[in-house]
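*Asks:* Structure provided below as C-alpha cells; questions to follow.
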Protein chains: 4
Amino acid sequence: MSRAGKVRVAVNGFGTIGKRVADAVAKQPDMVLTGISKTRPSFEARRAADKGYPLFVAGAGRAAEFEAVGLAVAGTVREMLANADIVVDAAPDKVGSENRGLYASQGLPAIFQGGEAAGVAEASFSALGNYDACRGKKSLRVVSCNTTGIARAVSVLEPRWGVDDWEVTLVRRAADPAESKRGPVNGIMPTLHLPSHHGPDVRTIYPDLPIATTALVVPTTLMHVHVNHVRLRKAPQDAAEVLRAFRGTPRFRLFAPWEHVDGTPQAMEYARDRGIGFNDMMENVIWEEGVQLEGKDLRFFQAIHQESIVVPENIDAIRAMLDLARDGPSSIAMTDSALGLRSKN
Amino acid sequence: MSRAGKVRVAVNGFGTIGKRVADAVAKQPDMVLTGISKTRPSFEARRAADKGYPLFVAGAGRAAEFEAVGLAVAGTVREMLANADIVVDAAPDKVGSENRGLYASQGLPAIFQGGEAAGVAEASFSALGNYDACRGKKSLRVVSCNTTGIARAVSVLEPRWGVDDWEVTLVRRAADPAESKRGPVNGIMPTLHLPSHHGPDVRTIYPDLPIATTALVVPTTLMHVHVNHVRLRKAPQDAAEVLRAFRGTPRFRLFAPWEHVDGTPQAMEYARDRGIGFNDMMENVIWEEGVQLEGKDLRFFQAIHQESIVVPENIDAIRAMLDLARDGPSSIAMTDSALGLRSKN
Amino acid sequence: MSRAGKVRVAVNGFGTIGKRVADAVAKQPDMVLTGISKTRPSFEARRAADKGYPLFVAGAGRAAEFEAVGLAVAGTVREMLANADIVVDAAPDKVGSENRGLYASQGLPAIFQGGEAAGVAEASFSALGNYDACRGKKSLRVVSCNTTGIARAVSVLEPRWGVDDWEVTLVRRAADPAESKRGPVNGIMPTLHLPSHHGPDVRTIYPDLPIATTALVVPTTLMHVHVNHVRLRKAPQDAAEVLRAFRGTPRFRLFAPWEHVDGTPQAMEYARDRGIGFNDMMENVIWEEGVQLEGKDLRFFQAIHQESIVVPENIDAIRAMLDLARDGPSSIAMTDSALGLRSKN
Amino acid sequence: MSRAGKVRVAVNGFGTIGKRVADAVAKQPDMVLTGISKTRPSFEARRAADKGYPLFVAGAGRAAEFEAVGLAVAGTVREMLANADIVVDAAPDKVGSENRGLYASQGLPAIFQGGEAAGVAEASFSALGNYDACRGKKSLRVVSCNTTGIARAVSVLEPRWGVDDWEVTLVRRAADPAESKRGPVNGIMPTLHLPSHHGPDVRTIYPDLPIATTALVVPTTLMHVHVNHVRLRKAPQDAAEVLRAFRGTPRFRLFAPWEHVDGTPQAMEYARDRGIGFNDMMENVIWEEGVQLEGKDLRFFQAIHQESIVVPENIDAIRAMLDLARDGPSSIAMTDSALGLRSKN
C-alpha cells in the first residue's frame, strides 16, 4: 500500500496492452502506478517519462540506451516489483509465462494476459462473468480480447434466457494499427483448426457453456467482428427485450440507425470523437439493426476493439484479487467512471 | 441453329460475367458464339475483336466511337439477337430486368444473372441443384455467386444425410480485382439486414431448406469465404466420408494440407498456376483441414471465386433450356471438360 | 464580439474538418464557438450536443428529425450566421462556393476550405506562408491538406537557401478512416493529369515557386506521404543544418531513429499516444533518417495527416482576417498552445 | 546440348520467379527444360509434375515427402545440374550466393536473380541495356524487377535524347499476391535509406547514368508504380515523339485513354484478359495520358509487374551467355514471340 492507502501497481511490459493498463491504473482513485517497464527506448517510452511514470528496464534492455536519449531509468524490473503490491504482466505472448517464476519468487500477486495458456494462473477472469470466484486469488489471467467480448455477451444472455447452443464466427483483424509487418494485404485466411481455440477459452469462464467458435483473418486493423448465432433455452419476448438487456449492461455500446455507424470504420470514428485515451472503444459494439430474433434463435453482430477491450478487465482483476470492492458491479462502476465510459447508452 | 448444328448464343453485356461466359460458350463443342455487346470501347472490347467475337453496340453506345479506335461493329443488340437461338444477359445488375421485354418481343429464350430479382425468369437455376426442373424453360436466372456456391454444397449434403439446419456466415470480398472505386479500404462492414438475402435465394433452388445466412464485407478482392455450420439429419461416419462426398462431386476442389493452400491468396495462386482463362477458379474451394464433424454437426469453410463460379452454370442453363444434354451430369461433364476443369481432385 | 470580448465564430458544416475546427475554436482563449451546423442526426451531431455546441440545421435538413432523437436545435444556418463575427465554411467540396453568396449577403467574413477553387475567396492562406498578406481580408481560402503541408516546408527552405526546383510525388491515402465506400481496395491509381493540381495550388501562396507535383492514390486511410526533391539555390552546410531548421519551426514533428516511428502506422500511433483530440497529427511529420542532402540537392519524406493538418491554419486565418494577433508567429504560438501541440521536438 | 541440339536448362528453385522461368524455357524453340527443384511438396510442385517437368529435391528436402503424395522425384539438385548446360538460380534472396560454389564446382554457367548482390556474377544484365557486353559470360545476374523496368526506360530515352538527371519515386507493392504474411495492411512505409539502392543497381547496367531513386511501400499486391522525372539533354519535339519511341520498343505496353486502364487494377485485368501464363504482364506499363513533356523535362508513370517482368530477361541472358542469337534484338524477338507478347501496341 502507498502512504495514501492506495494499492501500488506495477505494469511489466509497455506495449499495446501495457500502456493502456498503465494509464487506466493511473486514473483509478484507489490505485497508484509505481512503474512500467520497457526494453528499449521509443516514442512510447518517452511518453511514459512525460507522464511521470517511473521507467524500469526490462529483459535484455540496457539503462545506458535510455539515458543516451534523455530518458531517466528508475531501476530494473526486479526493483520495480519490490515496491509493488501487485503486478500486471503485459509482456508479449508467452513471455508472461516465463515471468511467472519471478513474480512467485517475490510472493507478488500477478495478473497475466490472454496470450498465455490458461494454466499460467489460478483462474481466468472476466469482470461480468466470474468476479466473485476470483476474489483473493494470487494469480489471474484476463482472457483475450475475443474471449472477453464473448464472455460479456454470455453474461447478458445466459442468466436471462439460458443458452442451448452458441456459435460464433470470429472475423479477426490481421494486425493492430501500429503493426506494419503482418499481413495479409489482400485475402482471407481461415483458421483451419476447427473449432477455434476461442470456445474452450470462453469455457474457462463459463465451464458448461455449449459454444463453438470458428475464426478467420481479414486485412483490416480496426476491430474484430463476431457473428453470433445463439439458440436460447427460452424465447425472449422480442428483439427489443434483448436490446434492453444489452443496453442495461455496462461495457456495451449500442448504436441506433440514426447514429449512422455502419461498420467498424464508423465505430472507431465514434471512439475518436469520444476521446477516451488512444481513441479506445472498451465496450462491445452492437448495432441495433444487427440484432435479430426468430423464436429462440438470436443472431447478432458485435465488434470488439482488440487493443482496449481487456483494459477495464485488468483493473477489475486487481480489485478482485486484493478484494478492494464490495462486489463486481461496484468495481466495474468505479473502473468505468474513472475511464470515462458512459454508464448508459 | 448454326449450319453446323450448333446452338447460336448471344451474350448481351461483356463485363466480368459476360466476357467469361462468352469465352466459355466459344469453347463448347455444341455451341457457337454469335456475338457480344459493349457500350463503349475499352481493352475488353479490343480483346473481343482480337478473338473474333462479333461486336455489337449496346445501350447508348455509338458505333462511331468504336470505329474511331479501329474496332469493327457488327450491328446493334437487336440485330445480334435476331441471329441467336438464345441470349445470355450479362448486363449490370437491374439492367437485365429492363432487357427482358426486348428478348420476349423477339421470342428469344433468355438467361439472366443473380443480380436480378428471382421474378425476372421462370425459374432460378443451379446445375447440381435443379437441372431437370429447368429443362425447356423459356427463361432462367442463374443464381448469384454466393448462392451458387451454397447450392452446390447443399447438393452434396442434403441427399446423403439430410439437413436440419444450415447456418452460413458469408465473408464477402469488397470489390472485384479490377474495380478501383469501391471500398472499404480498412474495416469490416456487417450487412445489418438479418438474415441476409442469400438464404431466401438458396430456397429458390431448394425450397424447403432450413437455411439462415449472415453476411459482412471485408477489404479484399479475391474471393468470398463461407463459414458453414450444418446440423445434419443423420450423422456421417466420419469427416473423411464427407470429404469423399465433396471430392466425388464435380465443381469442388479440395486442398490437402501438403498443398500449402492456406487461404484465398494461395487458392487464387493455384488458379493462376492452373491457367484456365482469367486465372479463374470455377470450383468451390474446400480445405480438407477445414472440415470438421462432431456427431451430426458439420462445420466447414468454402471459398467462392465471385467472378467465375457462375460461368459453367450459365453453360448448363443453356443446355437445360434447349434440352441439349441427356441429363444434368452429362451437361456438367461436357461443360467442365471444355473448360479444362479437373474431373477429380 | 461576445460580451467577454471574444470573437464569435460559427462553423458551417460538421464533418471531418468542421468538427475539428469547432473543437479548436472552442479551445482558443480569444474565440467563442457560437454554433455548428449539421444536415442530419448522427453520432457526430450528438457529440456536438454533448459538448454544448449550439446545433443549427443545415441545408435540406429538418429540425424534427433531430428532435426525434433528442437533439435540441438552435435554429437555422441563417440564424447561426446572424450571431457570428466570422464563419468557417466546412461544407463538402464545392458546396462552400454555393454558400458564398449567403455569407456575403450578411456581410460576414468567411473562411473556405481547400476543396473550393481558389477564386472562392480574396486570397489563399497558409499560416507560415502569407499571414501578413492576409490581414484584414473579408474572405480567405485555407489551402488543402497537401498544399498546406508543402507550403509549410517551403516556408522553411525558401527563405534560408532559395529554391531552384521543387518536385513532389504525393502518395495519397485513398479514403479517410471513417469513409467506407471509397476504394481502391488493392491497387495503385496514378493521377494521370500531369503535373497534378497541387503545384499550382502552392503557387497561390508562393507565386514564383518553381514547383511540379505528381500524385497517385494508394489503399490506406492514415496519411499522405510526400516524396520531395528540392534543388536549393545555395547549399546548406549539411543535412543537420536542414534538420535544425525544420526542428526550429512550429508545426513540424521530427522523429529520431530511436523513437521507432518507421512509417505512417507508427506516426499515427504516436498521435494516439499524445492524445490530442481525435488522435490528430497537425504537424508535418519528418523522419530524420529520411532527410538527405547531396550538395544543393535535398531529398526528404514528409507525412501529412489529411484530416487535421489544416485545423490550426483555420484558427490563424480567423486571427489574420480580424487582426487579432500582433503577427503570424504570435497567432501560431497562441493556436498551438491552445491545441496542445509541442512547441519543440 | 540435348540430342535435338537444344540448350539444356535447369531451374534451381521453383517459387515466384522459378516457376515462370521454367515455363518460359519450356516454350523456347532452342531450349529444353531438364529439371526444376523444390524443397517440399506443394500445389506448385504438383503442377510441375503435371507439366512433365522433372522434379529434383532441393536443399534440406526429402524425396520421401514428395513420394508420399504421389510426386515422382528425379534426383537431387546436384544430379539435375550434371545434365544441364546452364542453370538459372531462382532460389530465395541470398540463397543464390550460397549456391554459387556448387555451380562453379561443376563448371556450370549460372544466372542469378536481382535479390543477390551484384558481385555474385561477372556482370549484371538487362536485355535492352547491355546484351552485347554480356555475351559469353560464365555468370550473370538479371537485375531486379524495379531495376529491369528502369533500365528498359533508360534504353529508350538515353540514346535518343541523353539524360542529365533521372529521379524516380518507386511506389512498391507490399507483398506478392500469394504472400499472406507480409504487411502493412494499412499504412505507407518510406524506405528511409536515401537514395534507395535501386539507383546504384541501375548503374550496374548504365554506369554513368545520373540517377537517384527513392522508395516507399504501400499495401497492395499487384504492381509497383514508378514516378519518373527525367531531365533530358536535348528536348524531344513533343510528348508524341516520346510515346512513339516507347511504342516502338519491345517490352513496353502503352495504354490509350479509350482503353480505360486507369491504374494497376485495370492493367492486371488486361493481363488476365490477354491470358499469358499466370496472367503475367512482362512489359513496362505506360499510360499515354501519364506522359508529360515540358521542354526538356519529361515526367511519366510506369507500372512494373514484380512477379514476371524479369522472366524474358532470364531467357535472353541464357542466349547471351551461350551466344545463341545473332544479337540482342534477335533474342528479344525470339523470346517474346515464344511467350506470346505483342510485338506492337
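The chains in the C-alpha cells are called A, B, ... from first to last as shown; in each chain the residues are counted from 1, and the ligands are counted from 1 in the order shown.
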If you count only C-alpha atoms, which residues fall within 9 Å of Arg40 (chain C), apart from same-chain ones fewer than 6 positions away, as a VMD selection string?
*Replies:* (chain A and resid 258) or (chain C and resid 57 to 58 60 to 63 65 to 66)
*Asks:* Using only C-alpha atoms, what does the table of chain A residues within 7 Å of chain C look like, with each row giving the shortest atom pair and its distance in Å to one decimal, sorted by chain and ascending number, as CSV?
*Replies:*
```
residue,atom,partner,partner_atom,distance
A:Pro41,CA,C:Trp258,CA,6.3
A:Ser42,CA,C:Glu259,CA,4.0
A:Phe43,CA,C:Glu259,CA,4.6
A:Pro177,CA,C:Pro265,CA,6.1
A:Ala178,CA,C:Pro265,CA,4.7
A:Ser180,CA,C:Pro265,CA,6.8
A:Asn186,CA,C:Asn186,CA,6.9
A:Trp258,CA,C:Ser42,CA,5.8
A:Glu259,CA,C:Ser42,CA,3.9
A:His260,CA,C:Ser42,CA,5.6
A:Pro265,CA,C:Ala178,CA,4.7
A:Gln266,CA,C:Ala178,CA,5.1
A:Glu269,CA,C:Ala178,CA,5.9
A:Tyr270,CA,C:Phe43,CA,6.7
A:Arg272,CA,C:Phe278,CA,4.6
A:Asp273,CA,C:Phe278,CA,5.8
A:Gly275,CA,C:Gly277,CA,6.3
A:Gly277,CA,C:Gly275,CA,6.2
A:Phe278,CA,C:Arg272,CA,4.6
A:Asn279,CA,C:Asn279,CA,6.8
```
*Asks:* Quote the spacing between CA of Asp165 (chain A) and CA of Val285 (chain B) in Å to one decimal place.
*Replies:*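 About the pair CA of Asp165 (chain A) and CA of Val285 (chain B): they are 27.9 Å apart.
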*Asks:* Write out as a ChimeraX atom specification which residues come within 9 Å of Arg141 (chain A) when counting only C-alpha atoms, dropping same-chain ones fewer than 4 positions away.
*Replies:* /A:110-114,116-125,314,317
*Asks:* Limited to N, CA and C atoms, could you put the picked residues into a file as a compact mmCIF listing (two decimals), in the first residue's frame?
*Replies:*
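Written out: selection-v2.txt:
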```
# COMPACT_ATOMS: atom_id res chain seq x y z
N ALA A 110 -0.05 -11.63 -9.24
CA ALA A 110 0.24 -11.28 -10.64
C ALA A 110 -0.96 -11.54 -11.52
N ILE A 111 -1.13 -10.63 -12.48
CA ILE A 111 -2.20 -10.75 -13.48
C ILE A 111 -1.53 -10.96 -14.83
N PHE A 112 -2.00 -11.97 -15.56
CA PHE A 112 -1.45 -12.26 -16.88
C PHE A 112 -2.51 -11.97 -17.94
N GLN A 113 -2.04 -11.93 -19.20
CA GLN A 113 -2.95 -11.62 -20.30
C GLN A 113 -3.37 -12.90 -21.03
N GLY A 114 -4.34 -12.73 -21.91
CA GLY A 114 -4.94 -13.87 -22.60
C GLY A 114 -4.05 -14.57 -23.60
N GLU A 116 -1.36 -15.89 -22.84
CA GLU A 116 -0.76 -17.01 -22.11
C GLU A 116 -1.76 -18.17 -22.02
N ALA A 117 -1.24 -19.35 -21.84
CA ALA A 117 -2.10 -20.51 -21.64
C ALA A 117 -2.85 -20.35 -20.31
N ALA A 118 -4.01 -20.98 -20.23
CA ALA A 118 -4.85 -20.82 -19.03
C ALA A 118 -4.12 -21.25 -17.77
N GLY A 119 -3.23 -22.21 -17.89
CA GLY A 119 -2.53 -22.73 -16.72
C GLY A 119 -1.55 -21.76 -16.10
N VAL A 120 -1.34 -20.62 -16.71
CA VAL A 120 -0.38 -19.66 -16.18
C VAL A 120 -0.83 -19.12 -14.81
N ALA A 121 -2.14 -19.17 -14.56
CA ALA A 121 -2.69 -18.56 -13.34
C ALA A 121 -3.69 -19.48 -12.67
N GLU A 122 -4.05 -19.13 -11.47
CA GLU A 122 -5.03 -19.93 -10.73
C GLU A 122 -6.38 -19.99 -11.43
N ALA A 123 -6.74 -18.88 -12.07
CA ALA A 123 -8.05 -18.84 -12.73
C ALA A 123 -8.01 -17.83 -13.87
N SER A 124 -8.96 -17.98 -14.77
CA SER A 124 -9.15 -16.98 -15.82
C SER A 124 -10.26 -16.05 -15.37
N PHE A 125 -10.23 -14.81 -15.86
CA PHE A 125 -11.09 -13.77 -15.30
C PHE A 125 -11.87 -13.02 -16.37
N ASN A 314 -8.60 -5.73 -16.62
CA ASN A 314 -7.38 -5.80 -15.83
C ASN A 314 -7.54 -5.02 -14.52
N ALA A 317 -9.68 -6.98 -12.25
CA ALA A 317 -8.95 -8.15 -11.75
C ALA A 317 -8.09 -7.76 -10.54
```
*Asks:* Would you kindly return, as a list in words, each protein, DNA or RNA residue with an atom no farther than 10 Å from any atom of Gly136 (chain D), considering only C-alpha atoms and excluding same-chain residues fewer than 3 positions away?
*Replies:* Pro109, Asp132, Ala133, Ser139, Leu140, Ala317, Ile318, Arg319, Ala320, Met321, Leu322, Asp323 and Leu324 of chain D
*Asks:* Take the residues that were just selected and, keeping all heavy atoms, output them as a short mmCIF file (atom, residue, chain, number, x, y, z; two decimals), in the first residue's frame.
*Replies:*
```cif
data_model
loop_
_atom_site.label_atom_id
_atom_site.label_comp_id
_atom_site.auth_asym_id
_atom_site.auth_seq_id
_atom_site.Cartn_x
_atom_site.Cartn_y
_atom_site.Cartn_z
N PRO D 109 27.70 -22.74 -66.26
CA PRO D 109 27.28 -21.34 -66.35
C PRO D 109 26.01 -21.12 -65.53
O PRO D 109 25.14 -22.00 -65.53
CB PRO D 109 27.00 -21.13 -67.84
CG PRO D 109 27.76 -22.22 -68.53
CD PRO D 109 27.78 -23.39 -67.58
N ASP D 132 25.00 -7.17 -75.53
CA ASP D 132 26.28 -7.45 -76.19
C ASP D 132 27.42 -7.62 -75.19
O ASP D 132 28.25 -8.53 -75.32
CB ASP D 132 26.63 -6.34 -77.18
CG ASP D 132 25.95 -6.59 -78.53
OD1 ASP D 132 25.46 -7.72 -78.75
OD2 ASP D 132 25.90 -5.64 -79.33
N ALA D 133 27.43 -6.75 -74.20
CA ALA D 133 28.51 -6.79 -73.22
C ALA D 133 28.48 -8.06 -72.38
O ALA D 133 29.46 -8.38 -71.70
CB ALA D 133 28.44 -5.56 -72.31
N SER D 139 28.80 -16.18 -65.80
CA SER D 139 27.73 -15.95 -64.82
C SER D 139 27.16 -14.56 -65.02
O SER D 139 27.89 -13.62 -65.36
CB SER D 139 28.26 -16.10 -63.38
OG SER D 139 29.25 -15.11 -63.11
N LEU D 140 25.87 -14.45 -64.85
CA LEU D 140 25.18 -13.16 -64.96
C LEU D 140 24.17 -13.04 -63.83
O LEU D 140 23.67 -14.04 -63.33
CB LEU D 140 24.43 -13.05 -66.30
CG LEU D 140 25.24 -12.80 -67.56
CD1 LEU D 140 24.27 -12.72 -68.77
CD2 LEU D 140 26.04 -11.50 -67.47
N ALA D 317 19.22 -13.75 -71.17
CA ALA D 317 20.52 -13.92 -70.51
C ALA D 317 21.13 -15.27 -70.88
O ALA D 317 22.35 -15.39 -71.09
CB ALA D 317 20.37 -13.80 -68.99
N ILE D 318 20.27 -16.29 -70.98
CA ILE D 318 20.77 -17.61 -71.41
C ILE D 318 21.39 -17.50 -72.80
O ILE D 318 22.51 -17.96 -73.05
CB ILE D 318 19.61 -18.64 -71.42
CG1 ILE D 318 19.10 -18.88 -69.99
CG2 ILE D 318 20.05 -19.94 -72.08
CD1 ILE D 318 17.81 -19.71 -69.92
N ARG D 319 20.68 -16.84 -73.69
CA ARG D 319 21.19 -16.72 -75.07
C ARG D 319 22.47 -15.90 -75.13
O ARG D 319 23.37 -16.21 -75.89
CB ARG D 319 20.12 -16.11 -75.99
CG ARG D 319 18.96 -17.05 -76.24
CD ARG D 319 18.31 -16.86 -77.61
NE ARG D 319 17.10 -17.67 -77.64
CZ ARG D 319 15.91 -17.26 -77.16
NH1 ARG D 319 15.79 -16.04 -76.68
NH2 ARG D 319 14.87 -18.07 -77.20
N ALA D 320 22.51 -14.84 -74.32
CA ALA D 320 23.73 -14.02 -74.34
C ALA D 320 24.93 -14.83 -73.87
O ALA D 320 25.98 -14.83 -74.50
CB ALA D 320 23.53 -12.77 -73.45
N MET D 321 24.77 -15.55 -72.77
CA MET D 321 25.89 -16.28 -72.20
C MET D 321 26.39 -17.38 -73.14
O MET D 321 27.59 -17.61 -73.28
CB MET D 321 25.49 -16.89 -70.86
CG MET D 321 25.34 -15.84 -69.76
SD MET D 321 24.60 -16.52 -68.26
CE MET D 321 25.96 -17.48 -67.62
N LEU D 322 25.43 -18.07 -73.78
CA LEU D 322 25.82 -19.19 -74.64
C LEU D 322 25.89 -18.77 -76.10
O LEU D 322 26.08 -19.62 -76.98
CB LEU D 322 24.83 -20.35 -74.44
CG LEU D 322 24.68 -20.82 -72.98
CD1 LEU D 322 23.74 -22.02 -72.90
CD2 LEU D 322 26.04 -21.19 -72.37
N ASP D 323 25.75 -17.49 -76.34
CA ASP D 323 25.82 -16.92 -77.69
C ASP D 323 24.92 -17.65 -78.69
O ASP D 323 25.35 -18.11 -79.74
CB ASP D 323 27.28 -16.94 -78.17
CG ASP D 323 27.55 -15.71 -79.06
OD1 ASP D 323 26.66 -14.83 -79.18
OD2 ASP D 323 28.65 -15.63 -79.62
N LEU D 324 23.65 -17.70 -78.33
CA LEU D 324 22.70 -18.44 -79.15
C LEU D 324 21.98 -17.58 -80.17
O LEU D 324 21.23 -18.11 -81.00
CB LEU D 324 21.64 -19.08 -78.25
CG LEU D 324 22.13 -20.04 -77.16
CD1 LEU D 324 20.97 -20.50 -76.30
CD2 LEU D 324 22.84 -21.24 -77.79
#
```
